[in-house]
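J.: Just so it is clear, I am handing over data29.cif, which has mmCIF, C-alpha atoms.
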```cif
data_coords
#
loop_
_atom_site.label_atom_id
_atom_site.label_comp_id
_atom_site.auth_asym_id
_atom_site.auth_seq_id
_atom_site.Cartn_x
_atom_site.Cartn_y
_atom_site.Cartn_z
CA MET A 37 154.35 177.11 151.78
CA ASP A 38 155.35 180.61 150.53
CA GLN A 39 153.91 182.37 147.45
CA ASN A 40 156.77 181.35 145.17
CA GLU A 41 156.37 177.70 146.15
CA GLY A 42 152.61 177.94 145.68
CA HIS A 43 153.08 179.51 142.26
CA GLN A 44 155.58 176.82 141.27
CA GLN A 45 153.24 174.08 142.41
CA ASN A 46 150.27 175.61 140.57
CA THR A 47 152.39 175.96 137.44
CA HIS A 48 153.50 172.35 137.87
CA ASP A 49 149.93 171.10 138.38
CA CYS A 50 148.53 173.12 135.47
CA GLY A 51 151.09 172.01 132.91
CA HIS A 52 150.35 170.58 129.51
CA PRO A 53 148.16 167.44 129.65
CA SER A 54 150.86 165.44 127.89
CA ASP A 55 153.34 166.43 130.62
CA ARG A 56 150.92 165.34 133.33
CA THR A 57 150.35 162.06 131.53
CA ALA A 58 154.10 161.47 131.22
CA ARG A 59 154.61 162.22 134.92
CA ALA A 60 151.75 159.92 135.89
CA SER A 61 153.17 157.19 133.68
CA ALA A 62 156.63 157.59 135.24
CA VAL A 63 155.19 157.40 138.77
CA SER A 64 153.12 154.34 137.83
CA SER A 65 156.22 152.69 136.36
CA ARG A 66 158.23 153.35 139.53
CA GLN A 67 155.39 152.00 141.67
CA GLN A 68 155.29 148.82 139.62
CA ARG A 69 159.06 148.46 139.90
CA THR A 70 158.83 148.99 143.67
CA PHE A 71 156.06 146.37 143.93
CA TRP A 72 158.07 143.73 142.08
CA LEU A 73 161.26 144.53 143.99
CA LEU A 74 159.40 143.94 147.25
CA VAL A 75 158.01 140.70 145.81
CA LEU A 76 161.51 139.52 144.84
CA HIS A 77 162.91 140.57 148.22
CA GLN A 78 160.22 138.53 149.99
CA ILE A 79 160.68 135.50 147.72
CA ILE A 80 164.39 135.24 148.49
CA PHE A 81 163.71 135.96 152.16
CA ARG A 82 161.10 133.19 152.22
CA VAL A 83 163.48 130.61 150.74
CA GLY A 84 166.06 131.58 153.36
CA TRP A 85 163.41 131.23 156.05
CA THR A 86 162.67 127.67 154.89
CA PHE A 87 166.11 126.61 156.08
CA LYS A 88 165.20 127.74 159.61
CA THR A 89 161.51 126.83 159.75
CA GLU A 90 160.53 127.61 163.32
CA SER A 91 158.06 124.77 163.66
CA VAL A 92 160.54 122.10 162.48
CA VAL A 93 164.22 123.04 162.01
CA LEU A 94 164.86 125.28 165.03
CA PRO A 95 163.06 123.02 167.56
CA SER A 96 164.92 119.98 166.23
CA PHE A 97 168.19 121.94 166.53
CA VAL A 98 167.40 122.71 170.19
CA ASP A 99 166.67 119.02 170.78
CA HIS A 100 170.01 118.22 169.10
CA LEU A 101 171.84 120.69 171.36
CA ALA A 102 170.13 119.92 174.67
CA GLY A 103 169.57 116.18 174.36
CA PRO A 104 167.16 114.44 176.79
CA GLY A 105 164.83 116.78 178.65
CA ALA A 106 164.94 119.39 175.88
CA GLY A 107 161.24 120.19 176.29
CA VAL A 108 161.89 123.13 178.64
CA PHE A 109 164.56 124.58 176.33
CA ARG A 110 162.25 124.08 173.37
CA GLY A 111 159.51 125.85 175.28
CA PHE A 112 161.62 129.01 175.44
CA LEU A 113 161.64 129.36 171.64
CA PRO A 114 158.22 131.06 171.27
CA VAL A 115 158.83 133.14 174.40
CA LEU A 116 162.13 134.53 173.15
CA SER A 117 160.71 134.93 169.66
CA ARG A 118 157.70 136.99 170.69
CA LEU A 119 159.56 138.85 173.46
CA GLY A 120 162.20 139.95 170.97
CA GLN A 121 159.61 140.80 168.33
CA GLY A 122 157.31 142.56 170.78
CA VAL A 123 159.28 144.78 173.16
CA LEU A 124 162.34 146.10 171.34
CA PRO A 125 160.54 146.93 168.08
CA LEU A 126 158.07 148.99 170.10
CA ALA A 127 160.94 151.03 171.48
CA ALA A 128 162.39 151.42 167.98
CA SER A 129 159.13 152.35 166.24
CA SER A 130 159.59 156.12 166.67
CA THR A 131 163.07 155.89 165.14
CA VAL A 132 161.70 153.92 162.21
CA GLU A 133 158.92 156.46 161.67
CA ALA A 134 161.37 159.39 161.76
CA SER A 135 163.87 157.82 159.37
CA GLN A 136 164.07 159.37 155.91
CA HIS A 137 165.82 156.30 154.46
CA LYS A 138 163.66 153.33 155.37
CA ARG A 139 164.95 151.23 152.47
CA VAL A 140 168.43 151.44 154.02
CA LEU A 141 166.97 150.41 157.38
CA LEU A 142 165.21 147.48 155.70
CA ALA A 143 168.45 146.37 154.04
CA LEU A 144 170.38 146.76 157.30
CA MET A 145 167.91 144.73 159.36
CA THR A 146 167.85 141.92 156.78
CA CYS A 147 171.64 141.73 156.68
CA LEU A 148 171.81 141.72 160.49
CA LEU A 149 169.50 138.70 160.43
CA ALA A 150 172.00 137.03 158.10
CA LEU A 151 174.76 137.80 160.60
CA LEU A 152 172.82 136.15 163.45
CA LEU A 153 172.19 133.08 161.33
CA SER A 154 175.95 132.84 160.87
CA VAL A 155 176.23 132.83 164.68
CA PHE A 156 173.78 129.89 164.74
CA ALA A 157 176.10 128.08 162.33
CA ILE A 158 179.11 128.73 164.59
CA ILE A 159 177.22 127.30 167.58
CA ALA A 160 176.43 124.20 165.51
CA VAL A 161 180.14 123.78 164.65
CA VAL A 162 181.49 124.16 168.20
CA ASN A 163 178.65 122.30 169.92
CA ASP A 164 180.68 119.10 170.29
CA HIS A 165 183.14 121.01 172.48
CA LEU A 166 180.43 122.45 174.76
CA SER A 167 178.23 120.92 177.40
CA LYS A 168 174.66 120.28 176.29
CA HIS A 169 173.12 123.04 178.39
CA ILE A 170 175.76 125.63 177.47
CA GLY A 171 175.26 125.03 173.75
CA ALA A 172 171.48 125.26 174.05
CA GLY A 173 171.73 128.36 176.25
CA ALA A 174 174.07 130.12 173.80
CA PHE A 175 171.71 129.38 170.94
CA LEU A 176 168.68 130.68 172.85
CA ALA A 177 170.55 133.91 173.64
CA ALA A 178 171.47 134.38 169.97
CA TYR A 179 167.92 133.49 168.98
CA PHE A 180 166.54 136.25 171.21
CA VAL A 181 168.74 138.82 169.46
CA PHE A 182 167.68 137.39 166.10
CA SER A 183 164.01 137.73 167.08
CA ALA A 184 164.49 141.34 168.20
CA ILE A 185 166.10 142.26 164.89
CA TYR A 186 163.40 140.37 163.01
CA GLY A 187 160.76 142.32 164.94
CA ILE A 188 162.34 145.62 163.88
CA TYR A 189 162.57 144.25 160.33
CA GLN A 190 158.81 143.62 160.39
CA VAL A 191 158.12 147.16 161.59
CA VAL A 192 160.29 148.62 158.81
CA PHE A 193 158.90 146.32 156.10
CA ASN A 194 155.29 147.05 157.03
CA THR A 195 156.02 150.78 157.18
CA VAL A 196 157.57 150.67 153.70
CA GLN A 197 154.66 148.58 152.47
CA GLY A 198 152.16 150.99 154.01
CA GLN A 199 153.81 153.94 152.27
CA LEU A 200 154.40 152.46 148.84
CA ILE A 201 151.71 149.82 148.29
CA GLU A 202 147.99 150.58 148.05
CA PRO A 203 145.72 148.75 150.56
CA GLU A 204 144.00 146.84 147.76
CA LYS A 205 147.37 145.50 146.53
CA ARG A 206 148.93 144.41 149.82
CA GLY A 207 147.20 141.04 149.69
CA ARG A 208 148.57 140.63 146.17
CA LEU A 209 152.07 141.41 147.42
CA MET A 210 151.71 138.75 150.11
CA SER A 211 150.26 136.12 147.76
CA TYR A 212 152.71 136.73 144.90
CA SER A 213 155.80 136.65 147.10
CA THR A 214 154.63 133.68 149.15
CA PHE A 215 153.28 131.59 146.26
CA TRP A 216 156.23 132.10 143.92
CA GLY A 217 158.62 131.65 146.81
CA THR A 218 157.10 128.23 147.45
CA PHE A 219 158.66 126.55 144.40
CA PRO A 220 162.32 127.31 145.20
CA ALA A 221 161.61 126.72 148.90
CA VAL A 222 160.24 123.24 148.23
CA LEU A 223 163.11 122.41 145.88
CA ALA A 224 165.60 123.57 148.51
CA ALA A 225 163.95 121.40 151.16
CA LEU A 226 163.74 118.39 148.86
CA PHE A 227 167.26 118.43 147.46
CA LEU A 228 169.21 120.16 150.26
CA LEU A 229 167.46 119.89 153.63
CA ARG A 230 166.78 116.21 153.03
CA SER A 231 170.49 115.40 153.09
CA TRP A 232 171.56 118.13 155.53
CA LEU A 233 169.06 117.04 158.22
CA HIS A 234 169.73 113.30 157.96
CA SER A 235 169.14 111.90 161.42
CA ASN A 236 172.53 110.19 161.71
CA MET A 237 174.63 113.28 161.02
CA PRO A 238 172.64 116.55 160.71
CA HIS A 239 174.60 119.48 159.22
CA TYR A 240 172.91 122.41 160.93
CA ASP A 241 175.91 124.62 160.23
CA ILE A 242 175.37 124.32 156.47
CA VAL A 243 171.62 124.86 156.90
CA PHE A 244 172.11 128.15 158.72
CA LEU A 245 174.86 129.40 156.41
CA ALA A 246 172.61 128.79 153.39
CA SER A 247 169.85 130.74 155.11
CA ALA A 248 172.27 133.57 155.96
CA SER A 249 173.40 133.89 152.34
CA LEU A 250 169.84 134.22 151.06
CA PHE A 251 168.93 136.77 153.74
CA ALA A 252 171.95 138.89 152.79
CA LEU A 253 170.96 138.81 149.11
CA SER A 254 167.37 139.82 149.88
CA GLY A 255 168.68 142.69 152.01
CA ILE A 256 170.87 144.06 149.23
CA LEU A 257 167.82 144.19 146.93
CA CYS A 258 166.13 146.65 149.30
CA LEU A 259 168.71 149.31 148.41
CA PHE A 260 167.16 149.55 144.93
CA LEU A 261 163.72 150.57 146.20
CA HIS A 262 162.44 154.06 145.34
CA GLU A 263 161.26 155.86 148.47
CA ALA A 264 158.84 158.73 148.65
CA ARG A 265 159.89 162.10 149.95
CA GLU A 266 157.93 162.42 153.15
CA ARG A 267 156.58 165.56 154.71
CA CYS A 268 157.51 166.35 158.28
CA GLN A 269 155.34 164.38 160.64
CA ASP A 270 153.47 165.83 163.57
CA GLN A 271 155.71 165.53 166.59
CA ASN A 272 152.63 164.83 168.73
CA SER A 273 151.84 161.70 166.76
CA SER A 274 151.40 158.62 168.89
CA SER A 275 154.25 157.03 166.97
CA ARG A 276 156.54 159.54 168.67
CA ASN A 277 155.46 158.27 172.07
CA PRO A 278 154.93 154.50 171.82
CA LEU A 279 155.08 153.95 175.59
CA ALA A 280 152.01 156.12 176.12
CA THR A 281 150.20 154.13 173.45
CA VAL A 282 151.01 150.85 175.21
CA VAL A 283 149.68 152.14 178.54
CA SER A 284 146.46 153.28 176.89
CA LEU A 285 145.31 152.47 173.36
CA ARG A 286 142.57 155.10 173.53
CA CYS A 287 143.86 156.88 170.44
CA HIS A 288 143.46 153.67 168.42
CA ARG A 289 140.11 152.23 169.50
CA ASN A 290 139.91 149.83 166.57
CA LEU A 291 143.47 148.68 167.15
CA ARG A 292 142.53 147.63 170.70
CA GLY A 293 140.18 144.98 169.35
CA LEU A 294 142.78 143.65 166.93
CA TRP A 295 145.32 143.63 169.75
CA LEU A 296 142.96 141.43 171.80
CA VAL A 297 142.47 139.04 168.88
CA VAL A 298 146.18 138.48 168.26
CA ALA A 299 146.80 138.13 172.00
CA LEU A 300 144.21 135.35 172.19
CA PHE A 301 145.51 133.69 169.05
CA SER A 302 149.10 133.71 170.26
CA PHE A 303 148.23 131.23 173.03
CA SER A 304 148.00 128.58 170.32
CA LEU A 305 151.39 129.65 168.94
CA THR A 306 153.03 128.31 172.09
CA LEU A 307 152.55 124.81 170.70
CA MET A 308 154.25 125.41 167.34
CA PRO A 309 157.76 124.21 168.32
CA HIS A 310 156.28 121.15 170.06
CA TYR A 311 154.49 119.53 167.11
CA GLN A 312 157.66 117.96 165.72
CA ALA A 313 158.47 116.61 169.19
CA PHE A 314 154.91 115.29 169.48
CA ALA A 315 155.36 113.43 166.20
CA ARG A 316 158.65 111.91 167.32
CA ASP A 317 157.93 111.21 170.99
CA GLN A 318 154.20 110.42 171.05
CA LEU A 319 153.67 109.04 167.56
CA HIS A 320 157.16 107.47 167.28
CA ILE A 321 157.96 108.88 163.84
CA GLY A 322 161.64 109.21 162.94
CA SER A 323 163.52 112.44 162.23
CA ASP A 324 164.00 111.35 158.62
CA GLN A 325 160.62 112.93 157.92
CA LEU A 326 161.67 116.42 159.05
CA PHE A 327 162.29 117.65 155.51
CA LEU A 328 158.84 116.35 154.46
CA TRP A 329 157.20 118.41 157.19
CA VAL A 330 159.08 121.50 156.00
CA ILE A 331 157.89 120.85 152.44
CA ALA A 332 154.31 120.29 153.59
CA GLN A 333 154.21 123.54 155.54
CA SER A 334 156.02 125.58 152.89
CA THR A 335 153.79 124.33 150.07
CA SER A 336 150.58 124.94 151.97
CA VAL A 337 151.69 128.45 152.94
CA GLY A 338 152.21 129.22 149.25
CA VAL A 339 148.82 127.83 148.19
CA PHE A 340 146.87 129.39 151.05
CA SER A 341 148.54 132.77 150.53
CA VAL A 342 147.12 133.00 147.00
CA LEU A 343 143.60 132.32 148.26
CA ILE A 344 143.89 134.55 151.33
CA GLY A 345 145.65 137.36 149.46
CA GLY A 346 142.92 137.52 146.81
CA LEU A 347 140.24 137.34 149.48
CA ALA A 348 141.86 140.16 151.47
CA ASP A 349 142.14 142.46 148.44
CA ARG A 350 138.53 141.81 147.42
CA TYR A 351 136.67 141.58 150.74
CA GLY A 352 139.08 143.01 153.30
CA ASN A 353 141.55 141.70 155.85
CA ARG A 354 139.02 141.08 158.63
CA LEU A 355 137.39 138.13 156.87
CA SER A 356 140.77 136.73 155.84
CA LEU A 357 142.05 137.01 159.42
CA ALA A 358 139.01 135.20 160.82
CA ILE A 359 139.40 132.35 158.31
CA LEU A 360 143.10 131.96 159.13
CA ILE A 361 142.54 131.90 162.90
CA PHE A 362 139.70 129.39 162.52
CA GLY A 363 141.90 127.26 160.25
CA SER A 364 144.69 127.38 162.84
CA ALA A 365 142.59 125.07 165.03
CA ILE A 366 143.03 122.28 162.47
CA ALA A 367 146.65 121.58 163.52
CA PRO A 368 145.85 120.76 167.18
CA GLY A 369 142.63 119.05 166.07
CA TRP A 370 144.43 116.72 163.68
CA SER A 371 147.15 116.05 166.25
CA LEU A 372 144.45 114.94 168.71
CA THR A 373 142.99 112.66 166.05
CA LEU A 374 146.36 110.99 165.55
CA PHE A 375 146.83 110.77 169.31
CA TYR A 376 143.68 108.64 169.60
CA PHE A 377 144.21 106.77 166.30
CA PRO A 378 148.01 106.35 166.13
CA ARG A 379 147.86 103.75 163.37
CA PHE A 380 147.11 106.58 160.91
CA ALA A 381 150.03 108.70 162.12
CA GLU A 382 152.86 107.50 159.87
CA PRO A 383 151.22 108.33 156.52
CA THR A 384 149.23 111.42 157.61
CA VAL A 385 151.19 113.33 160.26
CA TRP A 386 152.32 115.76 157.55
CA LEU A 387 148.76 117.16 157.49
CA THR A 388 149.48 118.76 160.86
CA PHE A 389 152.21 120.87 159.25
CA VAL A 390 149.94 121.69 156.32
CA ALA A 391 147.49 123.16 158.83
CA LEU A 392 150.27 125.16 160.51
CA ALA A 393 150.32 127.29 157.35
CA PHE A 394 147.20 129.04 158.65
CA SER A 395 149.07 130.13 161.79
CA THR A 396 152.07 131.23 159.71
CA LEU A 397 149.95 133.67 157.68
CA VAL A 398 148.04 135.20 160.61
CA PRO A 399 150.72 137.78 161.64
CA ARG A 400 151.12 138.96 158.02
CA VAL A 401 147.39 139.50 157.46
CA ALA A 402 146.97 141.05 160.93
CA ALA A 403 149.73 143.55 160.09
CA ASN A 404 148.03 144.48 156.80
CA TYR A 405 144.79 144.92 158.74
CA ALA A 406 146.49 147.22 161.25
CA LEU A 407 147.88 149.39 158.44
CA GLU A 408 144.29 150.17 157.41
CA LEU A 409 143.07 150.89 160.93
CA VAL A 410 145.45 153.76 161.71
CA PRO A 411 146.81 156.83 159.86
CA ALA A 412 150.00 156.38 157.85
CA GLU A 413 152.14 158.25 160.41
CA ASP A 414 151.22 155.63 163.03
CA HIS A 415 152.06 152.56 160.93
CA PRO A 416 155.34 151.81 162.77
CA VAL A 417 153.83 151.91 166.26
CA ALA A 418 150.72 150.00 165.12
CA THR A 419 152.87 147.17 163.77
CA ALA A 420 155.03 147.16 166.91
CA LEU A 421 151.96 147.13 169.17
CA LEU A 422 150.55 144.20 167.27
CA GLN A 423 153.77 142.24 167.76
CA PHE A 424 153.73 143.19 171.45
CA GLY A 425 150.18 141.85 171.74
CA MET A 426 151.36 138.47 170.50
CA THR A 427 154.15 138.43 173.06
CA LEU A 428 152.45 138.38 176.46
CA PRO A 429 150.68 134.96 176.33
CA LEU A 430 153.83 133.22 175.14
CA PHE A 431 155.52 133.56 178.52
CA ALA A 432 153.59 130.41 179.37
CA SER A 433 155.47 128.43 176.71
CA PRO A 434 158.25 127.06 178.99
CA LEU A 435 155.52 125.88 181.36
CA PHE A 436 153.76 124.21 178.45
CA GLY A 437 157.05 122.59 177.45
CA TYR A 438 157.39 121.25 180.99
CA LEU A 439 153.80 119.96 180.94
CA THR A 440 154.36 118.12 177.67
CA GLU A 441 157.18 116.22 179.36
CA HIS A 442 154.96 115.17 182.30
CA TRP A 443 151.29 115.34 181.25
CA GLY A 444 151.54 114.82 177.51
CA PHE A 445 150.16 117.02 174.73
CA GLY A 446 146.45 116.26 175.02
CA PRO A 447 145.27 119.05 177.41
CA LEU A 448 147.29 121.70 175.54
CA LEU A 449 145.84 120.66 172.19
CA TYR A 450 142.29 121.00 173.54
CA GLY A 451 143.17 124.43 174.92
CA ALA A 452 144.60 125.61 171.58
CA ILE A 453 141.38 124.66 169.79
CA ALA A 454 139.23 126.54 172.33
CA VAL A 455 141.37 129.69 172.17
CA ASN A 456 141.30 129.77 168.36
CA MET A 457 137.51 129.46 168.33
CA LEU A 458 137.18 132.37 170.77
CA ALA A 459 139.60 134.55 168.77
CA THR A 460 137.62 133.83 165.59
CA VAL A 461 134.41 135.06 167.19
CA VAL A 462 136.07 138.25 168.48
CA THR A 463 137.49 138.96 165.01
CA PHE A 464 134.00 139.38 163.55
CA MET A 465 133.33 142.12 166.12
CA LEU A 466 136.07 144.30 164.59
CA PRO A 467 135.35 147.00 161.98
CA GLU A 468 135.98 146.58 158.26
CA PRO A 469 137.98 149.56 156.90
CA ARG A 470 136.95 148.77 153.30
CA ARG A 471 133.40 149.91 154.17
CA ARG A 472 134.77 153.34 155.04
CA LEU A 473 136.57 153.36 151.71
CA ALA A 474 133.33 152.52 149.91
CA ARG A 475 131.64 155.48 151.64
CA GLY A 476 134.50 157.77 150.65
CA GLU A 477 135.87 158.17 154.18
CA HIS A 478 139.57 158.41 155.00
CA VAL A 479 141.67 155.28 154.69
CA SER A 480 145.45 155.53 154.76
CA LYS A 481 146.90 155.62 151.23
CA PRO A 482 150.45 155.03 150.06
CA ILE A 483 152.68 157.99 149.34
CA PRO A 484 153.48 158.26 145.61
CA VAL A 485 156.89 156.94 144.70
CA GLU A 486 159.21 159.74 143.62
CA GLU A 487 162.80 160.02 142.59
#
```
Written as structure tokens, that's how I'd like the structure from this file.

T.:
Amino acid sequence: MDQNEGHQQNTHDCGHPSDRTARASAVSSRQQRTFWLLVLHQIIFRVGWTFKTESVVLPSFVDHLAGPGAGVFRGFLPVLSRLGQGVLPLAASSTVEASQHKRVLLALMTCLLALLLSVFAIIAVVNDHLSKHIGAGAFLAAYFVFSAIYGIYQVVFNTVQGQLIEPEKRGRLMSYSTFWGTFPAVLAALFLLRSWLHSNMPHYDIVFLASASLFALSGILCLFLHEARERCQDQNSSSRNPLATVVSLRCHRNLRGLWLVVALFSFSLTLMPHYQAFARDQLHIGSDQLFLWVIAQSTSVGVFSVLIGGLADRYGNRLSLAILIFGSAIAPGWSLTLFYFPRFAEPTVWLTFVALAFSTLVPRVAANYALELVPAEDHPVATALLQFGMTLPLFASPLFGYLTEHWGFGPLLYGAIAVNMLATVVTFMLPEPRRRLARGEHVSKPIPVEE
């Protein structure tokens, strides 16, 4: 900074108190507007996501495409999801960090997701003219691209959130957007998905087109965000060299522990697309209940997000993460209960999808936790590394899909419970950044919103 700039800044900082108050009020107003825009963006995004719920709608679509023996195809869903979300976003993290227009990137990624959902709809339309395996293979290929774009979207969204939202308000952002998104999501499932997913003639093309429209709308909203003017980042930052950070996480000691936790937890995620098949094949419950399972999961995500969001803002993300991972063991536990007492399955199987809400919220809270563990300039690579950590164990998912066809679900459900218990214990060994904040030590803060 030269002398003229220093003089201008000093003059600016030493202005009349009323001017400083007006500037502070304007910044606060823009921050509030940014907060509520992000909430609205996430609400619309969440309703769109309901139409493609990955624990119910997408697995049932794969079963519809592949027919008998779809377990192996279904098993590729979590692999392709985490592979797309883990590897390519890591390569793109330096580009995200260097971008001066992250709101445009956020809008672009959201609209690209809408485009891929339109491709899903096309596959649903032409499926009758394709062989079963070709249709399922085409969908899995498109789903991999969708997952890669979604992974980059997560990196961009968390980077924007890390810059513009204070750590103590990120839980509020999650709870507001998720809770208030629950009502339209449930209404959409009740009045639209119920008829579109009727077992005799499912209209997956309409389901995906509705989702695409909502994603596009949520993307357009991102263009109205107010970004901060960033200073030039240090070119030696680890976010400029993500490959080196993958090889050795020495520069982020605390992030290593979180990476281990999410890697352990992700073993249980391999079962998510199989629960609806378990209900149909093992418990003999018809597909007419699919929309009820979507409603159960969507409603519970909204309710739990309010509790977890408030807990995270008050006591920190570590405790919230441990509770969510521990709660994630309820889904396989309840499935085992129904396996041994099938007469209770028909009226209570929906509780399995209620419990899946814990697993749904884990990546969001883990990302918020990572934002507090590293400096602001490393937010993109930290988010990408976290997604990469959840990728590796999911390569076993096709094998698990094969095993469900031949050995049943029992051994895998026991394994998911054990892994979640271990991950919960490891979580409590991680540091709590809020203690550093209480002692006045450095914790990454958002950059003030400016015109």

J.: Please enumerate the residues selected by the PyMOL selection byres ((chain A and resi 340-354) around 8) when evaluated against the supplied file, formatted as a PyMOL selection string.

T.: chain A and resi 203-212+214-215+336-339+355-358+393-394+397+401-402+404-405+463-464+466-470

J.: Mind telling me what the PyMOL selection byres ((chain A and resi 129-140) around 6) catches here, as a PDB file with C-alpha atoms, in the frame of the given file?

T.:
```pdb
ATOM      1  CA  PRO A 125     160.540 146.930 168.080  1.00  0.00           C
ATOM      2  CA  LEU A 126     158.070 148.990 170.100  1.00  0.00           C
ATOM      3  CA  ALA A 127     160.940 151.030 171.480  1.00  0.00           C
ATOM      4  CA  ALA A 128     162.390 151.420 167.980  1.00  0.00           C
ATOM      5  CA  LEU A 141     166.970 150.410 157.380  1.00  0.00           C
ATOM      6  CA  LEU A 142     165.210 147.480 155.700  1.00  0.00           C
ATOM      7  CA  ALA A 143     168.450 146.370 154.040  1.00  0.00           C
ATOM      8  CA  CYS A 258     166.130 146.650 149.300  1.00  0.00           C
ATOM      9  CA  LEU A 259     168.710 149.310 148.410  1.00  0.00           C
ATOM     10  CA  SER A 275     154.250 157.030 166.970  1.00  0.00           C
ATOM     11  CA  ARG A 276     156.540 159.540 168.670  1.00  0.00           C
ATOM     12  CA  PRO A 416     155.340 151.810 162.770  1.00  0.00           C
ATOM     13  CA  VAL A 417     153.830 151.910 166.260  1.00  0.00           C
TER      14      VAL A 417
END
```

J.: Hey, which bits of stretch 58-160 of chain A sit within 7 Å of stretch 299-314 of chain A, and for each residue what's the closest pair of atoms and how far apart in Å (one decimal), counting all atoms listed in the file, rows by chain and increasing number, as JSON lines?

T.:
```
{"residue": "A:Glu90", "atom": "CA", "partner": "A:Pro309", "partner_atom": "CA", "distance": 6.7}
{"residue": "A:Ser91", "atom": "CA", "partner": "A:Pro309", "partner_atom": "CA", "distance": 4.7}
{"residue": "A:Val92", "atom": "CA", "partner": "A:Gln312", "partner_atom": "CA", "distance": 6.0}
{"residue": "A:Pro95", "atom": "CA", "partner": "A:Pro309", "partner_atom": "CA", "distance": 5.5}
{"residue": "A:Arg110", "atom": "CA", "partner": "A:Pro309", "partner_atom": "CA", "distance": 6.8}
{"residue": "A:Pro114", "atom": "CA", "partner": "A:Thr306", "partner_atom": "CA", "distance": 5.9}
```

J.: Run the PyMOL selection byres ((chain A and resi 449-461) around 8) against the file shown and list the residues it catches, as a ChimeraX atom specification.

T.: /A:297-298,300-301,303-304,358-359,361-362,364-366,368-369,371-372,445-448,462-465

J.: Compile the contact shell of A:Met145 as a PyMOL selection string: residues with an atom at most 8 Å away, counting only C-alpha atoms, same-chain residues fewer than 2 positions apart removed.

T.: chain A and resi 141-143+147-149+185-186+188-189+255

J.: Which polymer residues have any atom within 10 Å of an atom of A:Trp370, counting all atoms listed in the file, with same-chain residues fewer than 4 positions away left out, as a ChimeraX atom specification?

T.: /A:365-366,374-375,381,384-385,387-389,391,449

J.: Looking at A:Leu152, A:Leu200, A:Val75, A:Leu124, which one is nearest to A:Gly187, with distances taken over only C-alpha atoms?

T.: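 Closest residue, counting only C-alpha atoms: A:Leu124.
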
J.: For A:Ile159, which of A:Ser213, A:Ile201, A:Gln190, A:Leu101 is the closest residue, counting all atoms listed in the file?

T.: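 Looking only at the distances to A:Ile159, the closest residue turns out to be A:Leu101.
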
J.: Just the number, please: distance in Å from atom CA of A:Ile80 to atom CA of A:Phe156, one decimal.

T.: 19.5 Å

J.: Looking at only C-alpha atoms, which of A:Phe260, A:Phe87, A:Phe180, A:Phe244 is the one that sits closest to A:Ala160?

T.: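 Of A:Phe260, A:Phe87, A:Phe180, A:Phe244, the one nearest A:Ala160, counting only C-alpha atoms, is A:Phe244.
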
J.: Could you please determine the separation between atom CA of A:Ala157 and atom CA of A:Phe97 in Å, to one decimal place?

T.: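 Between atom CA of A:Ala157 and atom CA of A:Phe97 the gap is 10.9 Å.
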
J.: To one decimal in Å, tell me the separation between atom CA of A:Asp241 and atom CA of A:Ala150.

T.: 13.2 Å

J.: Could you pull the residues within 12 Å of A:Leu226, counting all atoms listed in the file, minus those fewer than 2 positions along the same chain, as an mmCIF file with C-alpha atoms, keeping the file's coordinate frame?

T.:
```
data_model
loop_
_atom_site.group_PDB
_atom_site.id
_atom_site.type_symbol
_atom_site.label_atom_id
_atom_site.label_comp_id
_atom_site.auth_asym_id
_atom_site.auth_seq_id
_atom_site.Cartn_x
_atom_site.Cartn_y
_atom_site.Cartn_z
ATOM 1 C CA THR A 86 162.670 127.670 154.890
ATOM 2 C CA PHE A 87 166.110 126.610 156.080
ATOM 3 C CA THR A 218 157.100 128.230 147.450
ATOM 4 C CA PHE A 219 158.660 126.550 144.400
ATOM 5 C CA PRO A 220 162.320 127.310 145.200
ATOM 6 C CA ALA A 221 161.610 126.720 148.900
ATOM 7 C CA VAL A 222 160.240 123.240 148.230
ATOM 8 C CA LEU A 223 163.110 122.410 145.880
ATOM 9 C CA ALA A 224 165.600 123.570 148.510
ATOM 10 C CA LEU A 228 169.210 120.160 150.260
ATOM 11 C CA LEU A 229 167.460 119.890 153.630
ATOM 12 C CA ARG A 230 166.780 116.210 153.030
ATOM 13 C CA SER A 231 170.490 115.400 153.090
ATOM 14 C CA TRP A 232 171.560 118.130 155.530
ATOM 15 C CA LEU A 233 169.060 117.040 158.220
ATOM 16 C CA GLN A 325 160.620 112.930 157.920
ATOM 17 C CA LEU A 326 161.670 116.420 159.050
ATOM 18 C CA PHE A 327 162.290 117.650 155.510
ATOM 19 C CA LEU A 328 158.840 116.350 154.460
ATOM 20 C CA TRP A 329 157.200 118.410 157.190
ATOM 21 C CA VAL A 330 159.080 121.500 156.000
ATOM 22 C CA ILE A 331 157.890 120.850 152.440
ATOM 23 C CA ALA A 332 154.310 120.290 153.590
ATOM 24 C CA SER A 334 156.020 125.580 152.890
ATOM 25 C CA THR A 335 153.790 124.330 150.070
#
```

J.: My list of candidates is A:Pro411, A:Asn194, A:Arg118, A:Ala102. Which is closest to A:Asp164 when distances are computed with only C-alpha atoms?

T.: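 Nearest to A:Asp164: A:Ala102.
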
J.: Which residue, A:Thr419, A:Gln333, A:Thr146, A:Gln78, has the smallest gap to A:Thr396 when you use only C-alpha atoms?

T.: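 Using only C-alpha atoms, the shortest distance to A:Thr396 belongs to A:Gln333.
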
J.: Taking only C-alpha atoms into account, name the residue in A:Ser65, A:Gln121, A:Ser254, A:Thr195 that is nearest to A:Trp85.

T.: A:Ser254
